[in-house]
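Peer 1: Input my_file.cif, format and content: mmCIF, C-alpha atoms and all ligand atoms.
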```
data_final
#
loop_
_atom_site.label_atom_id
_atom_site.label_comp_id
_atom_site.auth_asym_id
_atom_site.auth_seq_id
_atom_site.Cartn_x
_atom_site.Cartn_y
_atom_site.Cartn_z
CA MET T 1 -5.13 -22.45 1.27
CA THR T 2 -2.57 -19.67 1.25
CA SER T 3 0.49 -21.34 2.73
CA CYS T 4 2.51 -24.48 2.19
CA PRO T 5 1.31 -27.29 4.44
CA LYS T 6 4.89 -28.53 4.80
CA CYS T 7 6.97 -25.45 5.55
CA GLY T 8 4.27 -22.93 6.45
CA GLU T 9 5.61 -20.32 4.00
CA LEU T 10 3.14 -18.35 1.90
CA LEU T 11 2.37 -19.58 -1.58
CA ASP T 12 3.70 -17.63 -4.53
CA VAL T 13 2.19 -17.51 -8.03
CA THR T 14 4.54 -18.57 -10.82
CA TYR T 15 3.76 -18.85 -14.51
CA HIS T 16 5.02 -20.92 -17.39
CA TRP T 17 5.89 -17.82 -19.35
CA ASP T 18 6.82 -19.91 -22.39
CA GLN T 19 3.23 -21.14 -22.60
CA VAL T 20 1.42 -17.80 -22.48
CA PRO T 21 1.52 -14.92 -24.95
CA VAL T 22 3.86 -12.28 -23.57
CA PRO T 23 4.28 -8.95 -25.35
CA GLN T 24 7.61 -8.14 -26.98
CA SER T 25 7.55 -4.65 -25.53
CA LEU T 26 5.64 -2.86 -22.79
CA ARG T 27 4.49 -0.36 -25.41
CA GLU T 28 2.17 -3.01 -26.80
CA PHE T 29 -0.14 -2.37 -23.86
CA GLU T 30 -0.79 1.13 -25.16
CA LYS T 31 -3.14 -0.25 -27.80
CA ARG T 32 -5.69 -0.85 -25.06
CA TRP T 33 -6.06 2.87 -24.48
CA SER T 34 -8.30 2.96 -27.55
CA THR T 35 -10.60 0.16 -26.40
CA ARG T 36 -11.62 1.52 -23.04
CA ASN T 37 -15.25 0.57 -23.64
CA ASN T 38 -14.15 -2.98 -22.88
CA PRO T 39 -14.08 -3.18 -19.05
CA ILE T 40 -10.98 -5.36 -18.92
CA ASP T 41 -9.09 -2.94 -21.17
CA PHE T 42 -10.36 -0.01 -19.09
CA SER T 43 -9.08 -1.57 -15.86
CA GLY T 44 -5.63 -0.35 -14.84
CA VAL T 45 -4.93 -3.86 -13.61
CA TRP T 46 -6.30 -6.08 -16.36
CA ARG T 47 -5.08 -4.16 -19.36
CA PHE T 48 -1.78 -5.71 -18.30
CA ARG T 49 -3.40 -9.13 -18.04
CA GLU T 50 -0.67 -10.92 -19.99
CA LEU T 51 1.57 -10.16 -16.99
CA LEU T 52 -0.82 -11.82 -14.53
CA PRO T 53 -2.24 -14.58 -16.69
CA PHE T 54 -4.20 -16.70 -14.24
CA ALA T 55 -7.78 -15.98 -15.35
CA HIS T 56 -9.69 -16.18 -18.61
CA ASP T 57 -11.04 -12.85 -19.84
CA ASP T 58 -14.64 -13.82 -19.09
CA GLN T 59 -13.82 -14.71 -15.48
CA ILE T 60 -12.43 -11.33 -14.55
CA ILE T 61 -14.27 -9.27 -11.94
CA THR T 62 -13.48 -5.61 -12.40
CA ILE T 63 -14.97 -2.34 -11.21
CA GLY T 64 -12.65 -0.02 -13.07
CA GLU T 65 -9.81 -0.14 -10.55
CA GLY T 66 -6.38 1.24 -11.29
CA GLN T 67 -7.45 4.45 -13.04
CA THR T 68 -4.72 6.16 -11.11
CA MET T 69 -2.09 8.69 -12.00
CA LEU T 70 1.51 9.62 -11.51
CA LYS T 71 1.98 13.30 -10.81
CA ALA T 72 5.18 15.25 -10.37
CA SER T 73 5.06 17.63 -7.44
CA ALA T 74 7.61 20.45 -7.32
CA SER T 75 6.63 21.55 -3.83
CA VAL T 76 6.81 18.06 -2.34
CA ALA T 77 10.13 17.58 -4.15
CA ARG T 78 11.46 20.76 -2.51
CA TYR T 79 10.26 19.51 0.87
CA ALA T 80 12.12 16.24 0.37
CA GLY T 81 15.23 18.07 -0.85
CA LEU T 82 15.03 16.77 -4.41
CA ASN T 83 15.20 18.53 -7.75
CA GLU T 84 11.84 20.05 -8.59
CA ASP T 85 11.14 17.64 -11.44
CA GLY T 86 12.43 14.60 -9.57
CA LEU T 87 9.61 13.59 -7.25
CA PHE T 88 6.49 11.80 -8.45
CA LEU T 89 3.44 10.83 -6.49
CA GLN T 90 1.64 7.68 -7.62
CA TYR T 91 -1.88 8.47 -6.44
CA GLU T 92 -3.66 5.22 -5.61
CA GLY T 93 -6.35 7.11 -3.72
CA LEU T 94 -8.17 7.34 -7.04
CA ASN T 95 -9.26 3.71 -6.86
CA PRO T 96 -12.98 2.90 -6.46
CA SER T 97 -12.69 2.29 -2.72
CA GLY T 98 -10.05 4.97 -2.26
CA SER T 99 -6.93 2.88 -1.71
CA PHE T 100 -4.47 0.75 -3.65
CA LYS T 101 -6.07 -2.36 -2.16
CA ASP T 102 -8.47 -2.51 -5.14
CA ASN T 103 -5.57 -3.49 -7.41
CA GLY T 104 -5.18 -6.67 -5.42
CA MET T 105 -8.81 -7.25 -4.58
CA THR T 106 -9.92 -7.40 -8.20
CA ALA T 107 -7.48 -10.28 -8.62
CA ALA T 108 -8.42 -12.04 -5.39
CA SER T 109 -12.15 -11.63 -6.13
CA THR T 110 -11.62 -13.04 -9.59
CA HIS T 111 -9.83 -16.03 -8.15
CA ALA T 112 -12.45 -16.47 -5.41
CA VAL T 113 -15.18 -16.75 -8.03
CA MET T 114 -13.01 -19.04 -10.18
CA VAL T 115 -12.81 -21.50 -7.29
CA GLY T 116 -16.50 -21.16 -6.43
CA ALA T 117 -16.13 -19.38 -3.09
CA LYS T 118 -19.42 -18.39 -1.48
CA VAL T 119 -17.93 -16.46 1.42
CA ALA T 120 -14.77 -14.37 1.55
CA ALA T 121 -13.15 -12.85 4.61
CA CYS T 122 -10.30 -10.61 5.69
CA ALA T 123 -8.84 -8.93 8.72
CA SER T 124 -8.28 -5.28 8.20
CA THR T 125 -7.00 -1.98 9.51
CA GLY T 126 -9.78 -0.66 7.28
CA ASN T 127 -8.83 -0.43 3.64
CA THR T 128 -8.74 -4.14 2.90
CA SER T 129 -12.24 -4.52 4.29
CA ALA T 130 -13.51 -1.50 2.33
CA SER T 131 -12.03 -2.96 -0.84
CA LEU T 132 -13.28 -6.51 -0.37
CA ALA T 133 -16.70 -5.18 0.57
CA ILE T 134 -17.05 -3.08 -2.58
CA TYR T 135 -16.08 -6.02 -4.81
CA SER T 136 -18.63 -8.21 -3.10
CA SER T 137 -21.34 -5.60 -3.40
CA VAL T 138 -20.69 -5.11 -7.11
CA ALA T 139 -19.97 -8.72 -8.07
CA GLN T 140 -22.86 -10.23 -6.08
CA LYS T 141 -21.11 -13.60 -6.22
CA PHE T 142 -19.98 -14.05 -2.64
CA LYS T 143 -20.69 -12.70 0.82
CA VAL T 144 -18.11 -10.99 2.97
CA VAL T 145 -17.09 -11.12 6.62
CA VAL T 146 -14.49 -8.64 7.82
CA PHE T 147 -12.59 -8.67 11.10
CA VAL T 148 -11.42 -5.39 12.54
CA GLY T 149 -9.57 -4.65 15.77
CA SER T 150 -11.40 -2.73 18.45
CA GLY T 151 -11.19 1.03 18.32
CA LYS T 152 -8.41 0.98 15.73
CA ILE T 153 -10.20 1.63 12.48
CA ALA T 154 -10.51 5.06 10.88
CA PHE T 155 -14.16 6.00 10.43
CA GLY T 156 -14.00 6.60 6.70
CA LYS T 157 -12.92 3.01 6.23
CA LEU T 158 -15.39 1.47 8.67
CA SER T 159 -18.22 3.39 7.05
CA GLN T 160 -17.38 1.79 3.70
CA ALA T 161 -17.53 -1.81 4.96
CA LEU T 162 -20.87 -1.10 6.62
CA ASP T 163 -22.33 0.68 3.64
CA TYR T 164 -21.24 -1.98 1.13
CA GLY T 165 -23.04 -4.57 3.23
CA ALA T 166 -20.14 -6.58 4.65
CA LYS T 167 -20.73 -8.40 7.92
CA THR T 168 -18.30 -6.65 10.21
CA LEU T 169 -16.89 -8.32 13.31
CA GLN T 170 -15.17 -6.01 15.72
CA ILE T 171 -12.97 -8.21 17.87
CA GLN T 172 -10.96 -7.32 20.92
CA GLY T 173 -7.35 -6.74 20.02
CA ASP T 174 -5.40 -5.16 17.20
CA PHE T 175 -4.82 -6.00 13.55
CA ASP T 176 -2.26 -8.71 14.32
CA ASP T 177 -4.82 -10.45 16.56
CA ALA T 178 -7.58 -10.09 13.98
CA LEU T 179 -5.44 -11.56 11.21
CA ALA T 180 -4.34 -14.54 13.27
CA ARG T 181 -8.01 -15.22 14.06
CA VAL T 182 -9.37 -14.83 10.57
CA ARG T 183 -6.76 -17.27 9.25
CA GLU T 184 -8.00 -19.88 11.74
CA VAL T 185 -11.63 -19.21 10.91
CA CYS T 186 -11.05 -19.46 7.16
CA THR T 187 -9.19 -22.76 7.49
CA GLN T 188 -11.86 -24.26 9.69
CA GLU T 189 -14.87 -23.00 7.75
CA GLY T 190 -13.51 -23.20 4.21
CA ILE T 191 -13.91 -19.46 3.75
CA TYR T 192 -11.89 -17.70 1.04
CA LEU T 193 -9.22 -15.53 2.65
CA CYS T 194 -8.51 -12.14 1.07
CA ASN T 195 -5.66 -10.75 3.13
CA SER T 196 -2.35 -10.27 1.40
CA VAL T 197 -1.37 -13.80 2.44
CA ASN T 198 -3.45 -14.51 -0.65
CA PRO T 199 -0.91 -14.61 -3.51
CA PHE T 200 -3.43 -13.40 -6.10
CA ARG T 201 -3.71 -10.07 -4.28
CA LEU T 202 -0.05 -9.52 -4.99
CA GLU T 203 -0.51 -10.38 -8.66
CA GLY T 204 -2.98 -7.52 -9.01
CA GLN T 205 -0.79 -5.12 -7.06
CA LYS T 206 2.09 -5.66 -9.50
CA SER T 207 0.10 -3.47 -11.88
CA ILE T 208 0.85 -0.38 -9.77
CA MET T 209 4.41 -0.67 -11.00
CA PHE T 210 3.32 -1.27 -14.59
CA ARG T 211 1.37 1.98 -14.45
CA VAL T 212 4.28 3.86 -12.91
CA LEU T 213 6.47 2.75 -15.82
CA GLU T 214 3.73 3.61 -18.30
CA SER T 215 3.39 7.12 -16.86
CA LEU T 216 7.15 7.59 -17.15
CA ASN T 217 6.97 6.59 -20.80
CA TRP T 218 8.36 3.17 -19.85
CA GLU T 219 11.50 4.61 -18.34
CA VAL T 220 12.57 3.00 -15.08
CA PRO T 221 12.84 5.51 -12.20
CA ASP T 222 15.72 5.43 -9.70
CA TRP T 223 13.61 4.82 -6.61
CA ILE T 224 10.25 3.44 -5.59
CA VAL T 225 9.33 4.47 -2.05
CA VAL T 226 6.45 2.67 -0.37
CA PRO T 227 4.99 2.49 3.13
CA GLY T 228 5.41 -0.96 4.68
CA GLY T 229 2.61 -2.56 6.68
CA ASN T 230 1.87 -6.18 5.90
CA LEU T 231 4.40 -5.80 3.06
CA GLY T 232 2.07 -6.99 0.33
CA ASN T 233 2.80 -3.99 -1.86
CA SER T 234 6.55 -4.19 -1.32
CA SER T 235 6.49 -7.89 -2.19
CA ALA T 236 4.33 -7.34 -5.26
CA PHE T 237 6.57 -4.55 -6.55
CA GLY T 238 9.67 -6.70 -6.21
CA LYS T 239 7.95 -9.56 -8.04
CA ALA T 240 6.79 -7.22 -10.80
CA PHE T 241 10.33 -6.00 -11.50
CA MET T 242 11.80 -9.46 -11.18
CA GLU T 243 9.40 -10.77 -13.82
CA LEU T 244 9.71 -7.77 -16.14
CA LYS T 245 13.48 -8.16 -16.11
CA GLN T 246 13.25 -11.91 -16.61
CA LEU T 247 10.93 -11.34 -19.58
CA GLY T 248 13.33 -8.80 -21.06
CA LEU T 249 10.72 -6.02 -20.84
CA ILE T 250 12.95 -3.71 -18.77
CA ASP T 251 16.72 -3.43 -18.74
CA ARG T 252 17.23 -2.32 -15.17
CA ILE T 253 15.42 -2.46 -11.85
CA PRO T 254 14.74 0.58 -9.64
CA ARG T 255 15.79 0.61 -6.01
CA LEU T 256 13.08 0.01 -3.45
CA ALA T 257 12.74 1.88 -0.16
CA ILE T 258 10.24 0.44 2.31
CA ILE T 259 9.21 2.84 5.04
CA ASN T 260 7.95 1.59 8.39
CA ALA T 261 6.29 3.69 11.05
CA GLN T 262 8.57 3.83 14.06
CA GLY T 263 5.82 2.32 16.19
CA ALA T 264 5.51 -0.69 13.86
CA ASN T 265 9.02 -1.28 12.64
CA THR T 266 9.59 -5.02 12.53
CA LEU T 267 11.03 -5.01 9.01
CA TYR T 268 13.30 -2.08 9.82
CA GLN T 269 14.66 -3.85 12.88
CA LEU T 270 15.19 -7.20 11.24
CA TYR T 271 16.59 -5.91 7.96
CA GLU T 272 18.58 -2.84 8.97
CA GLN T 273 19.51 -3.60 12.55
CA HIS T 274 19.77 -7.39 12.63
CA GLY T 275 21.02 -7.55 9.05
CA MET T 276 18.57 -10.24 7.98
CA ARG T 277 18.73 -10.93 4.22
CA TRP T 278 16.92 -13.02 1.61
CA ASN T 279 20.09 -14.97 0.98
CA GLY T 280 18.81 -16.80 -2.10
CA GLY T 281 15.78 -17.97 -0.15
CA ASN T 282 17.85 -19.41 2.70
CA TYR T 283 17.15 -16.58 5.09
CA ASP T 284 17.78 -17.17 8.75
CA LEU T 285 14.32 -18.10 10.00
CA ASP T 286 15.60 -18.48 13.58
CA GLN T 287 16.42 -14.80 13.62
CA SER T 288 12.85 -13.71 12.91
CA THR T 289 11.38 -16.43 15.13
CA ASP T 290 13.50 -15.21 18.04
CA PHE T 291 12.44 -11.66 17.31
CA PHE T 292 8.74 -12.53 17.42
CA THR T 293 9.15 -14.68 20.53
CA GLN T 294 10.75 -11.74 22.28
CA MET T 295 8.01 -9.44 20.99
CA ASP T 296 5.35 -11.71 22.48
CA LYS T 297 7.24 -12.03 25.74
CA GLU T 298 7.35 -8.26 26.12
CA ASN T 299 3.80 -7.98 24.76
CA ARG T 300 5.00 -5.30 22.32
CA ARG T 301 2.12 -3.89 20.30
CA ALA T 302 2.23 -1.82 17.15
CA SER T 303 1.35 1.82 17.77
CA THR T 304 1.19 4.59 15.18
CA LEU T 305 -1.29 7.17 13.94
CA ALA T 306 -0.67 5.70 10.49
CA SER T 307 -3.22 3.01 11.23
CA ALA T 308 -2.91 1.30 7.84
CA ILE T 309 0.65 0.28 8.70
CA GLU T 310 0.09 -0.38 12.40
CA ILE T 311 1.28 -3.96 12.01
CA ASN T 312 4.00 -5.72 13.97
CA ARG T 313 3.79 -9.12 12.30
CA PRO T 314 4.00 -8.46 8.58
CA VAL T 315 2.77 -11.62 6.90
CA ASN T 316 4.70 -11.01 3.70
CA PHE T 317 7.95 -10.61 5.57
CA SER T 318 9.96 -13.19 3.61
CA LYS T 319 8.58 -12.09 0.25
CA ALA T 320 9.60 -8.55 1.18
CA LEU T 321 13.13 -9.81 1.84
CA ARG T 322 13.09 -11.16 -1.70
CA ALA T 323 11.85 -7.81 -3.04
CA LEU T 324 14.60 -5.98 -1.17
CA ASP T 325 17.10 -8.38 -2.68
CA VAL T 326 15.76 -7.98 -6.23
CA CYS T 327 15.64 -4.17 -5.93
CA ASP T 328 18.80 -3.55 -3.88
CA GLY T 329 16.45 -2.12 -1.30
CA VAL T 330 16.64 -0.24 1.96
CA VAL T 331 14.26 0.02 4.90
CA ARG T 332 13.75 3.07 7.09
CA GLU T 333 11.50 4.08 9.95
CA VAL T 334 9.83 7.47 10.38
CA ASP T 335 7.93 8.71 13.42
CA ASP T 336 4.39 10.04 13.50
CA GLN T 337 5.59 13.64 13.58
CA GLN T 338 7.50 13.11 10.33
CA ILE T 339 4.51 11.32 8.84
CA LEU T 340 1.96 14.02 9.66
CA ASP T 341 4.26 16.84 8.57
CA ALA T 342 4.85 15.07 5.26
CA LYS T 343 1.12 14.44 4.93
CA ALA T 344 0.40 18.17 5.27
CA GLN T 345 2.97 18.85 2.54
CA VAL T 346 1.37 16.29 0.28
CA GLY T 347 -2.03 17.82 0.89
CA ALA T 348 -0.80 21.32 0.13
CA GLY T 349 1.16 20.31 -2.94
CA GLY T 350 0.03 17.05 -4.37
CA LEU T 351 -3.33 15.37 -4.17
CA GLY T 352 -3.66 14.53 -0.47
CA CYS T 353 -3.42 11.21 1.29
CA GLU T 354 -4.06 9.39 4.52
CA PRO T 355 -1.32 9.25 7.18
CA ALA T 356 0.22 5.87 6.24
CA SER T 357 0.73 7.00 2.65
CA ALA T 358 2.76 10.00 3.72
CA ALA T 359 5.35 7.69 5.25
CA SER T 360 6.65 7.34 1.70
CA VAL T 361 7.34 11.07 1.35
CA ALA T 362 8.76 11.29 4.89
CA GLY T 363 10.99 8.33 4.01
CA ALA T 364 12.19 9.92 0.76
CA LYS T 365 13.10 13.07 2.68
CA LEU T 366 15.01 11.04 5.25
CA LEU T 367 16.90 9.05 2.61
CA LYS T 368 17.81 12.24 0.77
CA SER T 369 19.13 13.77 4.00
CA GLU T 370 21.26 10.65 4.52
CA GLY T 371 22.61 10.92 0.99
CA VAL T 372 21.21 7.51 0.05
CA ILE T 373 18.87 9.18 -2.42
CA ALA T 374 20.66 11.81 -4.53
CA ALA T 375 19.13 15.21 -5.31
CA GLY T 376 19.00 14.37 -9.00
CA ASP T 377 17.36 10.95 -8.62
CA ARG T 378 13.92 10.29 -10.00
CA VAL T 379 11.85 9.16 -7.05
CA VAL T 380 8.34 7.72 -7.08
CA CYS T 381 6.44 7.81 -3.78
CA ILE T 382 3.34 5.66 -3.58
CA LEU T 383 0.34 7.43 -2.09
CA THR T 384 -1.51 4.34 -0.98
CA GLY T 385 -4.79 5.80 0.26
CA HIS T 386 -7.13 8.76 -0.12
CA GLN T 387 -7.10 11.74 2.21
CA LEU T 388 -10.78 11.30 3.17
CA LYS T 389 -10.13 7.86 4.67
CA ASP T 390 -9.04 9.39 7.94
CA PRO T 391 -10.28 12.97 8.24
CA ASN T 392 -9.85 12.95 12.03
CA ALA T 393 -6.07 12.83 11.78
CA THR T 394 -6.09 15.63 9.23
CA VAL T 395 -8.37 17.94 11.17
CA ALA T 396 -6.55 17.23 14.43
CA TYR T 397 -3.22 18.22 12.87
CA HIS T 398 -4.50 21.36 11.21
CA SER T 399 -6.36 22.48 14.31
CA ALA T 400 -3.23 22.34 16.46
CA THR T 401 -1.98 25.61 17.95
CA ASP T 402 1.00 26.54 20.11
CA GLU T 403 -1.21 26.19 23.19
CA HIS T 404 -3.22 23.20 22.18
CA MET T 405 -2.36 19.85 20.62
CA ASP T 406 -4.88 17.10 20.05
CA GLU T 407 -4.49 14.43 22.75
CA LYS T 408 -4.36 11.50 20.41
CA LEU T 409 -1.64 13.20 18.39
CA SER T 410 0.46 14.13 21.40
CA SER T 411 0.13 10.62 22.84
CA HIS T 412 1.85 9.47 19.62
CA GLY T 413 4.68 11.96 20.00
CA VAL T 414 3.29 14.61 17.67
CA ASN T 415 3.97 17.82 19.56
CA THR T 416 4.10 20.47 16.89
CA ALA T 417 2.26 21.09 13.66
CA PRO T 418 4.54 23.35 11.61
CA PHE T 419 2.29 23.12 8.56
CA SER T 420 -1.04 23.43 10.34
CA ASN T 421 -3.73 25.36 8.54
CA GLY T 422 -6.55 25.65 11.02
CA PRO T 423 -9.90 27.27 10.48
CA ILE T 424 -9.94 30.94 11.41
CA VAL T 425 -12.83 31.96 13.59
CA VAL T 426 -14.33 35.26 12.42
CA GLU T 427 -17.39 37.11 13.49
CA ASN T 428 -20.17 37.17 10.92
CA ASP T 429 -19.34 40.76 10.03
CA LEU T 430 -18.33 42.01 6.59
CA ASP T 431 -15.60 44.39 7.73
CA LYS T 432 -14.02 41.87 10.06
CA ILE T 433 -14.06 39.19 7.35
CA ILE T 434 -12.45 41.53 4.84
CA GLU T 435 -9.88 42.58 7.39
CA VAL T 436 -8.86 38.94 7.87
CA ILE T 437 -8.69 38.27 4.13
CA ARG T 438 -6.51 41.34 3.51
CA SER T 439 -4.11 40.20 6.21
CA PHE T 440 -3.16 36.99 4.28
C1 LIG T 501 -2.74 -1.54 3.38
C2 LIG T 501 -2.17 -0.21 3.37
C3 LIG T 501 -0.79 0.02 3.53
C4 LIG T 501 0.16 -1.09 3.80
O1 LIG T 501 0.39 -1.88 2.67
P1 LIG T 501 1.04 -3.31 2.80
O2 LIG T 501 0.94 -3.90 1.47
O3 LIG T 501 0.24 -4.05 3.83
O4 LIG T 501 2.44 -3.11 3.27
C5 LIG T 501 -0.31 1.29 3.44
N1 LIG T 501 -1.13 2.34 3.23
C6 LIG T 501 -2.46 2.17 3.08
C7 LIG T 501 -3.31 3.36 2.87
C8 LIG T 501 -3.01 0.90 3.15
O5 LIG T 501 -4.33 0.75 3.01
#
```
In C-alpha cells, write the structure found in this file.

Peer 2:
Amino acid sequence: MTSCPKCGELLDVTYHWDQVPVPQSLREFEKRWSTRNNPIDFSGVWRFRELLPFAHDDQIITIGEGQTMLKASASVARYAGLNEDGLFLQYEGLNPSGSFKDNGMTAASTHAVMVGAKVAACASTGNTSASLAIYSSVAQKFKVVVFVGSGKIAFGKLSQALDYGAKTLQIQGDFDDALARVREVCTQEGIYLCNSVNPFRLEGQKSIMFRVLESLNWEVPDWIVVPGGNLGNSSAFGKAFMELKQLGLIDRIPRLAIINAQGANTLYQLYEQHGMRWNGGNYDLDQSTDFFTQMDKENRRASTLASAIEINRPVNFSKALRALDVCDGVVREVDDQQILDAKAQVGAGGLGCEPASAASVAGAKLLKSEGVIAAGDRVVCILTGHQLKDPNATVAYHSATDEHMDEKLSSHGVNTAPFSNGPIVVENDLDKIIEVIRSF
C-alpha cells in the first residue's frame, strides 16, 4: 500500500527521532570513509543510515549506489551566466544503473525484502525499470515486472531491463497510462510497487542532498536545481532539508528550483501560473483536480525529447508543493531546444548527461537571466542520468547541419544545434586527414 485508504494521498515516512541515535553533527558521517570495506559504509546512501532509520543493518540491500560526485564546472557556469566557481554538477550518472534512481531503489528493495515481497513492479520511462531490474538481479530475492509505454523508452534503458532479466511489458500508451495500470495491478495482485509513490524510494533519494552537502564541506549552497518529472527527487530533497533543519544539523535551507520540460509542465502551470501553494498542507485540491479533468478532456499528452520527465501527472505533486514551501522554491519550464543546447554544454564541459538531466542547467541559465539566481550564488544542478542512456538524442543533435535536422528533433521544436560537433567525413588519405586536423 502506498496511499492512504481514506484520503488517497501518498504515504510519507516519519520517524520518532527521539528514539533513534542521531548524530550531533553531519561531520560524524565522515568516519565511515575509513570503513569502506563494509558495504553499508561504502554505500553513498546507507552511510547516512541514521537519517533514514527504517531498516536494520543486516536487512539492507546495497550494490554500492551513491558513489557519485559533485564537480564544479567553469565552462557550464559561464554558459549559465554564473561566476566560474559558482556552478556545481552533482553527477548521479555514476550510479550502478547509470541514474539517480538507484538511491531510491536500494531503499525500496530493502523494504520489499523486509516485508517478504516475492514480486516487485514499476512503470517506467526507462531508468526506474533499469534500476529495479539491477537490484533484483543482484539481490535474487524477488522477481520484477516492468511496464513501459510503447515506443517511448530510450534504448539504453530498455536494454538494461532486458539484460538484468526483468519481465518487460510494453503497453500501449505513455508513462502516465503505464503508471495508472501498474498501480491497479499491484493492488489486485499484492505485488510490491517500486515507483516513487513508494515513500521508501524518497528516503533513499534524500541522500543525494546529504552528499551534496558533504562535497561542499557541509556548507549549504544557495540553490539546488533539479529536473521535475514525477517529482520524487524534488519531494525527497525538500524532506531531507526539512529534517536536517529540524534535527539542528543545518542552520539554513537552500532554495529549490524545479525545472519542467515545456511539453510536460503540470507543476509549472499549477504552481507558477495558477499560484497553487502547499498552504500548511491545506492546498486547494479542487484546483489540481480541475486541471487534470481539463487535461483529460483535451486529451493533452506529455511530449518532450527529455523522456525521463515526459510526465503530465506527477504522482508526488503534493509532496513537491511541500518541498517548494520548505525551500522557498520556484518552478520553471524550458523547451527541448534549451535542454539539448544545455546538454551539449554539459557534455563539453562537465561529465555528460541524458536530455532530462540537462533541464537543470537550462533552468539555472534561465533563472540567472531573470535575475532570480544571482551571478555570485552557489548553484548545484543535479545531473540525474548518464549520457549513454540515450545516445540517439546525442548523436542526432551533433549530426545536425544547417541543411539537415533530425526529424524527431525538429518535430519537438529543435531547429538549430549551435553546439553541434558532428563527425567529419574524410577520405582515407594521409594528406587529406592532416589537412583537416591542421584546419582546427
Ligand atoms: C526519473 C528521472 C527524472 C525525473 O525525476 P523525478 O523524481 O521523477 O522528478 C529526471 N531525470 C532522469 C534521468 C530520471 O531518470

Peer 1: How many Å lie between CA of Ser318 (chain T) and CA of Pro254 (chain T), rounded to one decimal?

Peer 2: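 Here the two named atoms are 19.7 Å from each other.
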
Peer 1: Would you mind listing the residues within 6 Å of ligand LIG 501 (chain T), counting all atoms listed in the file, as a list in words?

Peer 2: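 After applying the 6 Å limit, what remains is Ser99, Asn127, Pro227, Gly228, Gly229, Asn230, Leu231, Gly232, Asn233, Ala308, Ile309, Ala356, Ser357, Thr384 and Gly385 of chain T.
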
Peer 1: Which residue, T:Lys297, T:Leu244, T:Val331, T:Gln205, has the smallest gap to Val22 (chain T) when you use all atoms listed in the file?

Peer 2: T:Leu244

Peer 1: Which one is closest to Leu82 (chain T): T:Pro391, T:Ala364, T:Ile437, T:Tyr283? Count all atoms listed in the file.

Peer 2: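 Once distances to Leu82 (chain T) are computed over all atoms listed in the file, the minimum belongs to T:Ala364.
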
Peer 1: Within 9 Å of (-0.2, -21.9, 0.6) (file coordinates; only C-alpha atoms), which protein or nucleic acid residues are there? I'd like them as a count of residues only.

Peer 2: 13

Peer 1: Pick from T:Ala74, T:Lys319, T:Val330, T:Ala348: nearest to Gly275 (chain T), with all atoms listed in the file counted?

Peer 2: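 Using all atoms listed in the file, Gly275 (chain T) sits closest to T:Val330.
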
Peer 1: Show me, as a ChimeraX atom specification, the residues that have an atom within 8 Å of Phe292 (chain T) when counting all atoms listed in the file, minus same-chain residues fewer than 4 positions from it.

Peer 2: /T:288,296,313

Peer 1: Would you mind telling me which residue in T:Pro21, T:Gly64, T:Gly376, T:Gly347 lies nearest to Ile40 (chain T) when using all atoms listed in the file?

Peer 2: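 Using all atoms listed in the file, the shortest distance to Ile40 (chain T) belongs to T:Gly64.
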
Peer 1: For the atom pair CA of Gln338 (chain T) and CA of Glu403 (chain T), what is the interatomic distance in Å to one decimal place?

Peer 2: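 Computing it gives 20.3 Å between the two atoms.
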
Peer 1: Give me, please, the distance in Å between CA of Leu89 (chain T) and CA of Gly263 (chain T), quoted to one decimal.

Peer 2: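 Separation of CA of Leu89 (chain T) and CA of Gly263 (chain T): 24.3 Å.
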
Peer 1: Give me, as a ChimeraX atom specification, all polymer residues having an atom no more than 9 Å from Leu388 (chain T), counting only C-alpha atoms and skipping those fewer than 6 positions away in the same chain.

Peer 2: /T:98,156,352-354,394

Peer 1: Restricting the calculation to only C-alpha atoms: of T:Met295, T:Ala236, T:Ala55, T:Ile191, which residue gets closest to Ala107 (chain T)?

Peer 2: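 The shortest atom-to-atom distance to Ala107 (chain T) comes from T:Ala55.
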
Peer 1: Which residues are close to region 159-173 of chain T, i.e. within 9 Å by all atoms listed in the file, leaving aside same-chain residues fewer than 4 positions away? Reply as a PyMOL selection string.

Peer 2: chain T and resi 97+126-127+129-138+143-152+154-155+177-178

Peer 1: Do you know which residues lie at most 6 Å from (0.9, 6.0, -13.8), with coordinates as in the file and all atoms listed in the file counted, and could you write them as a PyMOL selection string?

Peer 2: chain T and resi 69-70+211-212+214-215

Peer 1: Taking all atoms listed in the file into account, which of T:Asn415, T:Thr14, T:Ser124, T:Thr266 comes nearest Lys239 (chain T)?

Peer 2: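 Under the stated criterion, the closest residue is T:Thr14.
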
Peer 1: Quick one: residues within 12 Å of His16 (chain T), all atoms listed in the file counted, chain neighbours fewer than 2 positions away excluded, as a list in words?

Peer 2: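 That gives Val13, Thr14, Asp18, Gln19, Val20, Pro21, Val22, Glu50, Leu51, Leu52, Pro53, Phe54, Glu243 and Leu247 of chain T.
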
Peer 1: Can I get region 61-65 of chain T with N, CA, C and O atoms filled in, as a compact mmCIF listing (two decimals), in the frame of the given file?

Peer 2:
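Written out: rebuild.txt:
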```txt
# COMPACT_ATOMS: atom_id res chain seq x y z
N ILE T 61 -13.35 -10.17 -12.65
CA ILE T 61 -14.27 -9.27 -11.94
C ILE T 61 -13.58 -7.92 -11.77
O ILE T 61 -12.57 -7.81 -11.08
N THR T 62 -14.13 -6.93 -12.43
CA THR T 62 -13.48 -5.61 -12.40
C THR T 62 -14.50 -4.52 -12.14
O THR T 62 -15.66 -4.62 -12.59
N ILE T 63 -14.10 -3.50 -11.41
CA ILE T 63 -14.97 -2.34 -11.21
C ILE T 63 -14.20 -1.07 -11.59
O ILE T 63 -14.38 -0.02 -10.99
N GLY T 64 -13.34 -1.20 -12.57
CA GLY T 64 -12.65 -0.02 -13.07
C GLY T 64 -11.53 0.46 -12.16
O GLY T 64 -11.21 1.65 -12.12
N GLU T 65 -10.93 -0.49 -11.43
CA GLU T 65 -9.81 -0.14 -10.55
C GLU T 65 -8.58 0.29 -11.37
O GLU T 65 -8.48 0.01 -12.55
```
